[in-house]
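**Student:** Below is the file upload-v4.txt, with compact mmCIF, C-alpha atoms.
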# COMPACT_ATOMS: atom_id res chain seq x y z
CA MET D 1 126.15 41.73 91.17
CA LEU D 2 124.99 43.54 94.29
CA GLY D 3 127.64 46.16 93.69
CA GLU D 4 126.35 46.76 90.18
CA TRP D 5 122.82 47.29 91.45
CA LEU D 6 124.11 49.65 94.11
CA ASN D 7 125.92 51.52 91.36
CA THR D 8 122.69 51.68 89.33
CA ILE D 9 120.80 53.16 92.26
CA VAL D 10 123.52 55.67 93.09
CA GLN D 11 123.67 56.86 89.46
CA GLY D 12 119.87 57.11 89.50
CA VAL D 13 119.93 59.24 92.64
CA LEU D 14 122.52 61.56 91.08
CA LEU D 15 120.52 61.84 87.84
CA GLY D 16 117.42 62.46 89.94
CA GLY D 17 119.06 65.50 91.50
CA LEU D 18 119.03 67.14 88.06
CA TYR D 19 115.36 66.20 87.55
CA GLY D 20 114.59 67.62 90.97
CA MET D 21 116.24 70.86 89.87
CA PHE D 22 114.08 70.94 86.71
CA ALA D 23 110.99 70.31 88.79
CA MET D 24 111.55 72.92 91.51
CA GLY D 25 111.10 75.80 89.06
CA LEU D 26 107.88 74.28 87.76
CA SER D 27 106.60 73.66 91.26
CA LEU D 28 107.50 77.20 92.36
CA ILE D 29 105.53 78.81 89.53
CA TRP D 30 102.52 76.57 90.02
CA GLY D 31 102.60 77.16 93.77
CA VAL D 32 102.69 80.94 93.54
CA MET D 33 100.42 81.70 90.59
CA ARG D 34 98.73 78.47 89.51
CA LEU D 35 100.38 78.70 86.11
CA VAL D 36 101.64 75.67 84.22
CA ASN D 37 104.58 76.64 82.07
CA ILE D 38 104.57 74.35 79.02
CA ALA D 39 107.74 76.07 77.78
CA HIS D 40 109.60 75.10 80.99
CA GLY D 41 111.79 72.49 79.27
CA ASP D 42 112.55 74.74 76.31
CA PHE D 43 113.65 77.59 78.56
CA ILE D 44 115.92 75.17 80.45
CA LEU D 45 117.52 74.39 77.09
CA LEU D 46 117.74 78.10 76.32
CA GLY D 47 119.92 78.39 79.45
CA ALA D 48 122.27 75.77 78.02
CA TYR D 49 122.38 77.54 74.65
CA ILE D 50 123.14 80.90 76.26
CA ALA D 51 126.14 79.27 77.98
CA LEU D 52 127.09 77.78 74.61
CA ALA D 53 126.95 81.24 73.04
CA PHE D 54 129.23 82.62 75.75
CA GLY D 55 131.62 79.74 75.09
CA GLU D 56 131.66 80.23 71.31
CA THR D 57 131.97 84.01 71.31
CA ALA D 58 134.02 84.77 74.41
CA GLY D 59 135.62 81.40 75.01
CA LEU D 60 134.12 81.25 78.50
CA HIS D 61 134.06 78.00 80.47
CA PRO D 62 130.41 77.02 81.13
CA LEU D 63 130.87 77.50 84.87
CA ALA D 64 132.41 80.93 84.30
CA ALA D 65 129.41 81.85 82.15
CA LEU D 66 126.98 80.50 84.76
CA PRO D 67 126.42 83.73 86.75
CA ALA D 68 125.70 85.64 83.55
CA VAL D 69 123.32 82.91 82.32
CA VAL D 70 121.44 82.89 85.62
CA ALA D 71 121.18 86.70 85.64
CA LEU D 72 119.99 86.82 82.01
CA MET D 73 117.43 84.10 82.65
CA PHE D 74 116.15 85.92 85.73
CA ALA D 75 115.69 89.08 83.67
CA LEU D 76 113.98 87.14 80.88
CA GLY D 77 111.57 85.49 83.32
CA TYR D 78 110.77 88.81 84.99
CA VAL D 79 110.09 90.60 81.69
CA LEU D 80 108.12 87.67 80.26
CA GLN D 81 105.84 87.61 83.30
CA ARG D 82 105.34 91.39 83.41
CA GLY D 83 104.92 91.82 79.68
CA VAL D 84 103.05 88.67 78.66
CA LEU D 85 102.07 86.10 81.25
CA ASN D 86 100.49 88.49 83.78
CA ARG D 87 97.91 89.27 81.09
CA THR D 88 96.87 85.63 80.94
CA LEU D 89 96.21 85.21 84.67
CA GLY D 90 92.82 85.30 86.36
CA LYS D 91 91.02 83.92 83.32
CA GLY D 92 91.28 80.23 84.16
CA LEU D 93 93.92 77.60 83.49
CA LEU D 94 93.70 77.59 79.71
CA PRO D 95 95.10 81.00 78.61
CA PRO D 96 98.51 80.54 80.32
CA LEU D 97 98.69 76.98 78.95
CA LEU D 98 98.08 78.20 75.41
CA VAL D 99 100.50 81.11 75.66
CA THR D 100 103.33 79.05 77.14
CA PHE D 101 102.65 76.32 74.55
CA GLY D 102 103.15 78.99 71.90
CA LEU D 103 106.32 80.20 73.62
CA SER D 104 107.61 76.64 73.60
CA ILE D 105 107.26 76.50 69.80
CA VAL D 106 108.85 79.94 69.40
CA VAL D 107 111.86 79.05 71.57
CA GLN D 108 112.37 75.67 69.85
CA ASN D 109 112.32 77.22 66.41
CA LEU D 110 114.58 80.12 67.34
CA LEU D 111 117.11 77.62 68.66
CA LEU D 112 116.78 75.56 65.46
CA GLN D 113 117.27 78.70 63.39
CA PHE D 114 120.42 79.79 65.18
CA TYR D 115 121.99 76.49 66.20
CA SER D 116 120.58 73.90 63.72
CA ALA D 117 119.24 70.52 64.80
CA ASP D 118 122.72 69.11 65.53
CA SER D 119 123.39 68.13 69.12
CA LYS D 120 125.72 70.35 71.04
CA ALA D 121 127.53 69.98 74.33
CA LEU D 122 129.09 72.37 76.80
CA SER D 123 132.68 71.24 77.02
CA ALA D 124 134.18 71.39 80.46
CA GLU D 125 137.22 69.19 79.84
CA SER D 126 138.27 66.86 82.64
CA LEU D 127 135.82 68.31 85.16
CA THR D 128 132.91 66.23 83.88
CA THR D 129 134.80 62.94 83.48
CA ALA D 130 136.73 62.63 86.75
CA SER D 131 135.26 60.18 89.21
CA LEU D 132 135.65 58.81 92.67
CA ARG D 133 136.16 55.05 92.61
CA LEU D 134 134.60 53.13 95.51
CA GLY D 135 135.28 49.45 95.04
CA ASP D 136 134.98 47.43 91.81
CA ALA D 137 131.49 48.22 90.70
CA LEU D 138 130.83 51.63 92.18
CA ALA D 139 132.23 54.85 90.78
CA ILE D 140 130.78 58.23 91.56
CA GLY D 141 131.45 60.99 89.06
CA TRP D 142 132.56 64.19 90.74
CA PHE D 143 130.45 66.24 88.39
CA PRO D 144 127.13 64.35 88.88
CA LEU D 145 127.82 64.47 92.62
CA GLY D 146 128.35 68.22 92.37
CA VAL D 147 125.08 68.61 90.41
CA PHE D 148 123.28 66.62 93.08
CA LEU D 149 124.67 68.83 95.84
CA VAL D 150 123.72 71.98 93.92
CA ALA D 151 120.17 70.62 93.58
CA LEU D 152 120.13 69.90 97.32
CA LEU D 153 121.30 73.44 98.05
CA MET D 154 118.68 74.82 95.67
CA GLY D 155 115.96 72.95 97.57
CA LEU D 156 117.31 74.19 100.90
CA GLY D 157 117.61 77.74 99.60
CA LEU D 158 114.08 77.87 98.16
CA GLN D 159 112.61 76.29 101.28
CA PHE D 160 114.41 78.88 103.42
CA LEU D 161 113.36 81.73 101.15
CA PHE D 162 109.69 80.71 101.30
CA ALA D 163 109.55 79.85 104.99
CA ARG D 164 111.75 82.48 106.58
CA THR D 165 112.07 85.68 104.55
CA ALA D 166 109.74 88.64 104.06
CA PHE D 167 109.81 88.00 100.30
CA GLY D 168 108.74 84.37 100.79
CA ARG D 169 106.01 85.44 103.20
CA ALA D 170 104.64 87.87 100.63
CA LEU D 171 104.78 85.12 97.95
CA ARG D 172 102.81 82.72 100.15
CA ALA D 173 100.28 85.41 100.99
CA THR D 174 99.91 86.21 97.29
CA SER D 175 99.40 82.54 96.54
CA ASP D 176 96.72 82.31 99.27
CA ASP D 177 94.63 85.29 98.28
CA GLN D 178 95.74 87.62 95.52
CA GLU D 179 92.99 90.18 96.23
CA THR D 180 93.68 90.62 99.92
CA VAL D 181 97.45 91.05 99.45
CA GLN D 182 96.67 94.17 97.46
CA LEU D 183 94.88 95.52 100.53
CA VAL D 184 98.03 95.16 102.62
CA GLY D 185 100.18 96.87 100.01
CA VAL D 186 101.69 93.98 98.06
CA ASP D 187 101.87 94.45 94.29
CA GLU D 188 100.85 90.94 93.23
CA ARG D 189 101.92 91.45 89.59
CA LYS D 190 105.42 92.34 90.72
CA MET D 191 105.43 89.31 93.05
CA TYR D 192 104.53 87.08 90.10
CA ALA D 193 107.27 88.63 87.98
CA LEU D 194 109.87 88.11 90.72
CA ALA D 195 108.70 84.52 91.22
CA MET D 196 108.99 83.85 87.50
CA GLY D 197 112.44 85.47 87.46
CA LEU D 198 113.47 83.22 90.35
CA ALA D 199 112.13 80.14 88.56
CA PHE D 200 113.97 81.14 85.38
CA ALA D 201 117.18 81.56 87.39
CA THR D 202 116.83 77.96 88.62
CA MET D 203 116.12 76.88 85.04
CA GLY D 204 119.25 78.67 83.77
CA LEU D 205 121.35 76.91 86.39
CA ALA D 206 119.75 73.55 85.59
CA GLY D 207 120.22 74.12 81.85
CA VAL D 208 123.94 74.80 82.13
CA LEU D 209 124.46 71.73 84.33
CA LEU D 210 122.36 69.64 81.92
CA GLY D 211 124.48 70.85 79.01
CA MET D 212 127.69 69.93 80.81
CA ARG D 213 126.32 66.50 81.65
CA THR D 214 124.96 65.40 78.28
CA SER D 215 124.63 66.64 74.73
CA PHE D 216 121.49 68.56 73.84
CA SER D 217 119.54 69.69 70.80
CA PRO D 218 116.74 72.26 70.29
CA THR D 219 113.96 69.66 70.38
CA ASP D 220 114.85 68.21 73.80
CA GLY D 221 112.68 70.70 75.68
CA PRO D 222 109.43 68.70 75.91
CA ALA D 223 111.31 65.70 77.36
CA ASN D 224 112.77 67.93 80.09
CA LEU D 225 109.29 69.32 80.76
CA LEU D 226 107.93 65.78 81.05
CA PHE D 227 110.60 64.74 83.58
CA ALA D 228 109.93 67.89 85.58
CA PHE D 229 106.19 67.21 85.54
CA GLU D 230 106.67 63.61 86.58
CA ALA D 231 108.97 64.60 89.43
CA VAL D 232 106.44 67.16 90.68
CA VAL D 233 103.54 64.69 90.51
CA ILE D 234 105.52 61.88 92.17
CA GLY D 235 106.68 64.17 94.97
CA GLY D 236 103.43 66.03 95.45
CA LEU D 237 103.01 69.78 95.24
CA GLY D 238 103.57 70.38 98.92
CA SER D 239 107.18 71.35 99.39
CA PHE D 240 110.47 71.74 97.60
CA TRP D 241 111.64 68.66 99.50
CA GLY D 242 108.80 66.60 98.06
CA THR D 243 109.63 67.82 94.57
CA PHE D 244 113.31 67.05 95.09
CA ALA D 245 112.47 63.57 96.39
CA GLY D 246 110.17 63.04 93.40
CA GLY D 247 113.05 63.86 91.07
CA ILE D 248 115.29 61.36 92.82
CA LEU D 249 112.67 58.62 92.64
CA LEU D 250 112.21 59.28 88.93
CA GLY D 251 115.98 59.18 88.39
CA VAL D 252 116.31 55.88 90.23
CA ALA D 253 113.37 54.37 88.33
CA GLN D 254 114.88 55.36 84.99
CA SER D 255 118.30 54.12 86.02
CA VAL D 256 116.93 50.76 87.14
CA GLY D 257 114.97 50.53 83.88
CA PHE D 258 118.10 51.15 81.81
CA ARG D 259 119.88 48.48 83.83
CA LEU D 260 117.16 45.91 83.04
CA ASP D 261 117.10 46.76 79.36
CA PRO D 262 118.58 49.78 77.55
CA GLY D 263 115.20 50.44 75.94
CA TRP D 264 113.25 50.44 79.20
CA GLY D 265 114.74 53.36 81.10
CA LEU D 266 112.22 56.08 80.31
CA LEU D 267 109.39 53.56 80.28
CA VAL D 268 110.01 52.45 83.85
CA GLY D 269 110.13 56.11 84.88
CA HIS D 270 106.75 56.68 83.23
CA PHE D 271 105.35 53.56 84.95
CA VAL D 272 106.39 54.84 88.37
CA PHE D 273 104.75 58.17 87.52
CA LEU D 274 101.53 56.45 86.40
CA ALA D 275 101.51 54.21 89.48
CA VAL D 276 101.75 57.27 91.76
CA LEU D 277 99.01 59.01 89.78
CA LEU D 278 96.82 55.92 90.09
CA PHE D 279 97.38 54.96 93.72
CA LYS D 280 98.44 58.19 95.41
CA PRO D 281 97.35 61.08 93.18
CA GLU D 282 98.22 63.69 95.82
CA GLY D 283 101.88 62.59 95.53
CA LEU D 284 104.11 60.76 97.96
CA PHE D 285 104.96 63.84 100.04
CA PRO D 286 101.83 65.99 100.02
CA LYS D 287 101.53 69.23 101.92
CA THR D 288 100.42 68.81 105.48
CA ARG D 289 98.33 71.75 106.52
CA MET C 16 80.51 92.42 91.73
CA THR C 17 77.42 90.39 90.92
CA PRO C 18 75.66 88.43 93.69
CA LEU C 19 77.00 85.24 92.12
CA GLY C 20 80.52 86.66 92.18
CA ASP C 21 80.12 87.57 95.82
CA ALA C 22 78.87 84.11 96.65
CA LEU C 23 81.89 82.54 94.93
CA ARG C 24 84.25 84.85 96.74
CA GLU C 25 82.76 83.97 100.09
CA ARG C 26 83.12 80.31 99.37
CA ARG C 27 86.76 80.66 98.48
CA TRP C 28 87.59 82.37 101.77
CA PRO C 29 85.23 80.81 104.27
CA GLU C 30 87.07 82.32 107.22
CA GLY C 31 85.60 85.72 106.28
CA ARG C 32 88.26 88.00 107.74
CA ARG C 33 90.47 87.01 104.85
CA LEU C 34 93.58 86.16 106.77
CA PHE C 35 96.18 84.23 104.78
CA PRO C 36 95.53 80.57 105.65
CA SER C 37 99.01 79.21 104.99
CA LEU C 38 100.65 81.88 107.16
CA SER C 39 100.92 81.85 110.92
CA VAL C 40 99.29 84.60 112.97
CA GLU C 41 102.58 86.43 113.32
CA GLU C 42 103.30 86.11 109.59
CA ASN C 43 99.86 87.52 108.82
CA LEU C 44 100.69 90.54 110.95
CA LEU C 45 104.13 90.92 109.35
CA VAL C 46 102.67 90.85 105.83
CA GLY C 47 100.63 93.88 106.89
CA ARG C 48 103.90 95.81 106.96
CA SER C 49 104.26 95.53 103.16
CA THR C 50 103.01 99.09 102.65
CA GLY C 51 106.39 100.34 103.87
CA ARG C 52 104.74 103.21 105.78
CA SER C 53 106.48 104.02 109.03
CA GLY C 54 104.53 104.81 112.14
CA PRO C 55 103.84 103.77 115.70
CA TRP C 56 102.61 100.23 115.04
CA THR C 57 104.93 97.27 115.58
CA LEU C 58 104.43 93.60 116.39
CA ALA C 59 105.01 94.30 120.07
CA ARG C 60 102.36 97.04 120.14
CA VAL C 61 99.79 94.87 118.36
CA TYR C 62 100.47 92.06 120.84
CA ALA C 63 100.11 94.51 123.72
CA LEU C 64 96.76 95.61 122.27
CA PHE C 65 95.50 92.04 121.72
CA PRO C 66 97.32 89.69 124.14
CA ARG C 67 95.34 86.74 122.70
CA LEU C 68 97.30 87.11 119.47
CA ASP C 69 100.59 86.92 121.33
CA GLU C 70 99.52 83.59 122.84
CA ARG C 71 98.64 82.25 119.41
CA ARG C 72 101.41 83.83 117.34
CA ARG C 73 102.76 80.51 116.04
CA SER C 74 99.44 78.88 115.17
CA SER C 75 97.96 78.84 111.69
CA ALA C 76 95.49 81.62 110.96
CA THR C 77 92.90 78.98 110.07
CA LEU C 78 92.87 77.64 113.63
CA LEU C 79 91.81 80.92 115.25
CA SER C 80 88.36 81.55 116.72
CA GLY C 81 86.22 84.17 115.02
CA GLY C 82 87.15 86.83 117.56
CA GLU C 83 90.86 86.06 117.27
CA GLN C 84 90.58 86.26 113.50
CA GLN C 85 88.94 89.67 113.80
CA MET C 86 91.76 90.80 116.12
CA ALA C 87 94.37 89.48 113.69
CA ALA C 88 92.67 91.23 110.77
CA ILE C 89 92.64 94.53 112.68
CA GLY C 90 96.24 93.95 113.79
CA ARG C 91 97.32 93.26 110.22
CA ALA C 92 95.70 96.48 109.07
CA LEU C 93 97.40 98.44 111.90
CA MET C 94 100.82 97.06 110.93
CA GLY C 95 100.53 99.08 107.70
CA ASN C 96 100.31 102.25 109.83
CA PRO C 97 97.22 103.66 108.12
CA ARG C 98 95.83 107.13 108.82
CA LEU C 99 92.28 105.85 108.42
CA LEU C 100 90.93 102.40 109.19
CA LEU C 101 87.60 101.26 107.71
CA CYS C 102 85.86 98.53 109.72
CA ASP C 103 82.77 96.75 108.45
CA GLU C 104 80.61 95.04 111.07
CA ILE C 105 83.22 94.25 113.70
CA SER C 106 80.60 92.50 115.84
CA LEU C 107 79.29 90.25 113.06
CA GLY C 108 79.04 86.65 114.24
CA LEU C 109 81.03 87.24 117.42
CA ALA C 110 80.08 86.56 121.04
CA PRO C 111 79.25 89.73 123.05
CA ILE C 112 82.26 89.25 125.33
CA VAL C 113 84.57 89.07 122.32
CA VAL C 114 82.95 92.14 120.78
CA LYS C 115 83.58 93.97 124.03
CA ALA C 116 87.24 92.92 124.09
CA ILE C 117 87.74 94.31 120.60
CA TYR C 118 85.84 97.54 121.21
CA ASP C 119 87.76 98.10 124.45
CA ALA C 120 90.94 98.21 122.37
CA LEU C 121 89.69 100.85 119.94
CA PRO C 122 90.13 104.05 122.04
CA ALA C 123 93.85 103.21 122.22
CA LEU C 124 93.95 103.46 118.42
CA THR C 125 92.30 106.86 118.14
CA ARG C 126 94.63 108.22 120.82
CA GLU C 127 97.47 107.58 118.32
CA GLY C 128 95.81 109.96 115.87
CA LEU C 129 94.32 107.15 113.80
CA SER C 130 90.80 107.77 112.46
CA LEU C 131 88.32 104.91 112.51
CA VAL C 132 85.18 104.62 110.43
CA ILE C 133 83.02 101.78 111.74
CA VAL C 134 79.87 100.48 110.12
CA GLU C 135 78.00 98.72 112.90
CA GLN C 136 74.53 97.44 113.73
CA ASP C 137 75.36 96.96 117.40
CA ILE C 138 74.47 100.58 118.12
CA GLY C 139 75.09 100.71 121.86
CA THR C 140 78.59 99.27 121.60
CA ALA C 141 79.55 101.49 118.70
CA LEU C 142 78.19 104.68 120.29
CA ALA C 143 80.17 104.01 123.47
CA VAL C 144 83.48 104.44 121.64
CA ALA C 145 82.44 106.79 118.82
CA GLN C 146 82.95 110.54 118.70
CA ARG C 147 80.54 111.23 115.85
CA ALA C 148 77.78 109.08 114.41
CA TRP C 149 75.80 109.08 111.19
CA CYS C 150 72.62 107.14 110.46
CA PHE C 151 71.84 106.20 106.89
CA GLN C 152 68.40 105.48 105.52
CA HIS C 153 68.09 104.45 101.89
CA GLY C 154 71.53 105.85 101.16
CA ARG C 155 70.88 109.29 102.69
CA ILE C 156 72.10 110.62 106.00
CA SER C 157 69.03 110.79 108.20
CA LEU C 158 70.74 111.74 111.44
CA SER C 159 74.18 112.88 112.48
CA GLY C 160 75.88 114.42 115.44
CA PRO C 161 78.26 113.92 118.35
CA ALA C 162 77.85 110.35 119.59
CA ASP C 163 77.04 111.32 123.18
CA GLU C 164 74.17 113.59 122.08
CA LEU C 165 72.30 110.97 120.06
CA THR C 166 69.60 109.12 121.96
CA ARG C 167 68.48 105.59 121.15
CA ASP C 168 65.01 106.88 120.31
CA ALA C 169 66.37 109.43 117.85
CA ILE C 170 68.42 106.72 116.18
CA SER C 171 65.46 104.34 115.99
CA ARG C 172 63.40 107.06 114.33
CA ALA C 173 66.19 107.91 111.91
CA TYR C 174 66.83 104.29 111.12
CA PHE C 175 63.34 102.93 110.78
CA GLY C 176 61.68 106.18 109.80
CA LEU C 177 59.05 105.76 112.57
Spit out the file's structure as structure tokens when you get a sec.

**Tutor:**
Amino acid sequence: MLGEWLNTIVQGVLLGGLYGMFAMGLSLIWGVMRLVNIAHGDFILLGAYIALAFGETAGLHPLAALPAVVALMFALGYVLQRGVLNRTLGKGLLPPLLVTFGLSIVVQNLLLQFYSADSKALSAESLTTASLRLGDALAIGWFPLGVFLVALLMGLGLQFLFARTAFGRALRATSDDQETVQLVGVDERKMYALAMGLAFATMGLAGVLLGMRTSFSPTDGPANLLFAFEAVVIGGLGSFWGTFAGGILLGVAQSVGFRLDPGWGLLVGHFVFLAVLLFKPEGLFPKTR
Amino acid sequence: MTPLGDALRERRWPEGRRLFPSLSVEENLLVGRSTGRSGPWTLARVYALFPRLDERRRSSATLLSGGEQQMAAIGRALMGNPRLLLCDEISLGLAPIVVKAIYDALPALTREGLSLVIVEQDIGTALAVAQRAWCFQHGRISLSGPADELTRDAISRAYFGL
């Protein structure tokens, strides 16, 4: 009995790593340019579909296609920010919301057009089914463990990039005061485009891992967006660690919910999110300044 | 910018010298290097110019006193190795001893070949370091000349029109 609960929690933590990965991109974009990307979940799916396209046309293993997916997504994010989203900034919260909402519909329908509504999966043969057995009740899949470690590395990497590099310094300065950075020679529009490219790269990575973990269909985007949002709110907007921790908490809550009743998983996750919003609206790990 | 716009802007950056609040003092200086212009100014030289900044390099820019913020703002501008530095009211809101510390550092800048244009109401302090001075009255130059040839009386007349 105890072992089964332990298993539930461990699976939740591993699932939460993926949610944390979804959420870090969202948190990054909000942190740098105060933009909420409603199409976040759909672009994560787009990453999975790009890997699928590489698999179908060139027979590439999803992991072999991963570098190309990440590079393509980075380029897409950069161009999207330069060409479209930069025009929506500085006019309040609403214009970027509307434009990314529109993008979400466009991406969903393009995916439906090209790939139909059937669910797809990125096949990775034995890689995604092998597991490490620890006792009777506890088995840790190698693949979910790998995803969790990648998410951890992503958090570490982003934290390092923001805290220690010249690029991160310029991003934080841009986030603080986008008029003054222009005085010191920073092109804030280019900074935004690079930040969006970086976020899209994390989304491409998350999308491929999502597609290897479960099946997906073109209409799954909003659910991914919701999990990312919930993870960000639970963790607080302070740091990538908070966001990562928020993802883990959400994963555990969902996993415990599924354990109680197969219909309760998402509901329990939503309840945890609402409870945090109600009792600690600044999140569990807010920024300390 | 409308007066309302100005008021909003001031409220958003209450520290006035517009340092980046989430960056440390040293990071604020380093961001100044983003212009990519090469020249004599480095972190070490800015710290030598304003030793107070060296002592506070790790602290958040929001925790600085007004004078330290002014030093950091000047230091940040120097890190971009400009040919011309525009300073508006260096003495504004600062204690006289702090104003003196900042003005004492300025001749070292002009010796590097850097030009400074300073708008200042603290006439005595500004004239002590200036080479040339201009007085404006209603947007027109009412007096100009080498700083050491302008008397206080002449400036008063040019300024107040008396």

**Student:** Kindly assemble as a tab-separated table a list of the chain D residues that lie within 10 Å of chain C, each paired with its nearest atom pair and their distance in Å to one decimal, using all atoms listed in the file, sorted first by chain and then by ascending residue number.

**Tutor:**
residue	atom	partner	partner_atom	distance
D:Ala163	CA	C:Leu38	CA	9.4
D:Arg164	CA	C:Glu42	CA	9.7
D:Ala166	CA	C:Val46	CA	7.6
D:Phe167	CA	C:Val46	CA	9.5
D:Arg169	CA	C:Val46	CA	6.9
D:Ala170	CA	C:Val46	CA	6.3
D:Leu171	CA	C:Val46	CA	10.0
D:Arg172	CA	C:Ser37	CA	7.1
D:Ala173	CA	C:Phe35	CA	5.7
D:Thr174	CA	C:Phe35	CA	8.6
D:Ser175	CA	C:Phe35	CA	9.0
D:Asp176	CA	C:Phe35	CA	5.9
D:Asp177	CA	C:Phe35	CA	6.8
D:Gln178	CA	C:Phe35	CA	9.9
D:Glu179	CA	C:Arg33	CA	9.5
D:Thr180	CA	C:Arg33	CA	6.9
D:Val181	CA	C:Val46	CA	8.2
D:Gln182	CA	C:Thr50	CA	9.6
D:Leu183	CA	C:Ala92	CA	8.6
D:Val184	CA	C:Gly47	CA	5.2
D:Gly185	CA	C:Thr50	CA	4.5
D:Val186	CA	C:Ser49	CA	5.9
D:Asp187	CA	C:Ser49	CA	9.2
D:Arg289	CA	C:Ser37	CA	7.6

**Student:** Tell me which of C:Leu68, C:Leu99, C:Ala162, C:Ala110 sits closest to C:Leu124, counting all atoms listed in the file.

**Tutor:**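 Between C:Leu68, C:Leu99, C:Ala162, C:Ala110, the residue approaching C:Leu124 most closely is C:Leu99.
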
**Student:** Rounded to one decimal in Å, what is the spacing between atom CA of D:Arg259 and atom CA of D:Ala124?

**Tutor:**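 Those two atoms sit 27.2 Å apart.
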
**Student:** Near C:Ser106, counting only C-alpha atoms, which residues have an atom at most 9 Å away, once you skip same-chain residues fewer than 3 positions from it, shown as a PyMOL selection string?

**Tutor:** chain C and resi 82+103+109-111+113-115+117+135-137

**Student:** Which of these, C:Leu129, C:Val40, C:Ala169, C:Ala143, has the shortest distance to C:Ala88 once you count all atoms listed in the file?

**Tutor:**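 Closest to C:Ala88, using all atoms listed in the file: C:Val40.
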
**Student:** Report, in Å to a single decimal, how far apart atom CA of C:Tyr118 and atom CA of C:Leu142 are.

**Tutor:**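 Distance reported for this atom pair: 10.5 Å.
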
**Student:** If we draw a sphere of 9 Å around (65.6, 105.8, 112.6), which residues have at least one atom in it when counting all atoms listed in the file? Please report them as an MDAnalysis selection string.

**Tutor:** chainID C and resid 150:152 157:158 168:177

**Student:** Scan for residues within 12 Å of the point (107.7, 66.4, 94.2) in the coordinates of the file, using only C-alpha atoms, and reply as a tab-separated table (two decimals) with C-alpha atoms, in the frame of the given file.

**Tutor:**
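Saved to point_0.tsv:
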chain	number	residue	atom	x	y	z
D	16	GLY	CA	117.42	62.46	89.94
D	17	GLY	CA	119.06	65.50	91.50
D	19	TYR	CA	115.36	66.20	87.55
D	20	GLY	CA	114.59	67.62	90.97
D	21	MET	CA	116.24	70.86	89.87
D	22	PHE	CA	114.08	70.94	86.71
D	23	ALA	CA	110.99	70.31	88.79
D	24	MET	CA	111.55	72.92	91.51
D	25	GLY	CA	111.10	75.80	89.06
D	26	LEU	CA	107.88	74.28	87.76
D	27	SER	CA	106.60	73.66	91.26
D	28	LEU	CA	107.50	77.20	92.36
D	31	GLY	CA	102.60	77.16	93.77
D	155	GLY	CA	115.96	72.95	97.57
D	227	PHE	CA	110.60	64.74	83.58
D	228	ALA	CA	109.93	67.89	85.58
D	229	PHE	CA	106.19	67.21	85.54
D	230	GLU	CA	106.67	63.61	86.58
D	231	ALA	CA	108.97	64.60	89.43
D	232	VAL	CA	106.44	67.16	90.68
D	233	VAL	CA	103.54	64.69	90.51
D	234	ILE	CA	105.52	61.88	92.17
D	235	GLY	CA	106.68	64.17	94.97
D	236	GLY	CA	103.43	66.03	95.45
D	237	LEU	CA	103.01	69.78	95.24
D	238	GLY	CA	103.57	70.38	98.92
D	239	SER	CA	107.18	71.35	99.39
D	240	PHE	CA	110.47	71.74	97.60
D	241	TRP	CA	111.64	68.66	99.50
D	242	GLY	CA	108.80	66.60	98.06
D	243	THR	CA	109.63	67.82	94.57
D	244	PHE	CA	113.31	67.05	95.09
D	245	ALA	CA	112.47	63.57	96.39
D	246	GLY	CA	110.17	63.04	93.40
D	247	GLY	CA	113.05	63.86	91.07
D	248	ILE	CA	115.29	61.36	92.82
D	249	LEU	CA	112.67	58.62	92.64
D	250	LEU	CA	112.21	59.28	88.93
D	273	PHE	CA	104.75	58.17	87.52
D	276	VAL	CA	101.75	57.27	91.76
D	281	PRO	CA	97.35	61.08	93.18
D	282	GLU	CA	98.22	63.69	95.82
D	283	GLY	CA	101.88	62.59	95.53
D	284	LEU	CA	104.11	60.76	97.96
D	285	PHE	CA	104.96	63.84	100.04
D	286	PRO	CA	101.83	65.99	100.02
D	287	LYS	CA	101.53	69.23	101.92

**Student:** Work out how far atom CA of C:Val134 is from atom CA of C:Gln85, in Å to one decimal.

**Tutor:**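 These two atoms are separated by 14.6 Å.
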
**Student:** Might you pull out every residue within 8 Å of D:Thr129, with all atoms listed in the file counted and same-chain residues fewer than 2 positions away left off, and present them as a VMD selection string?

**Tutor:** chain D and resid 125 to 127 131 141 to 143
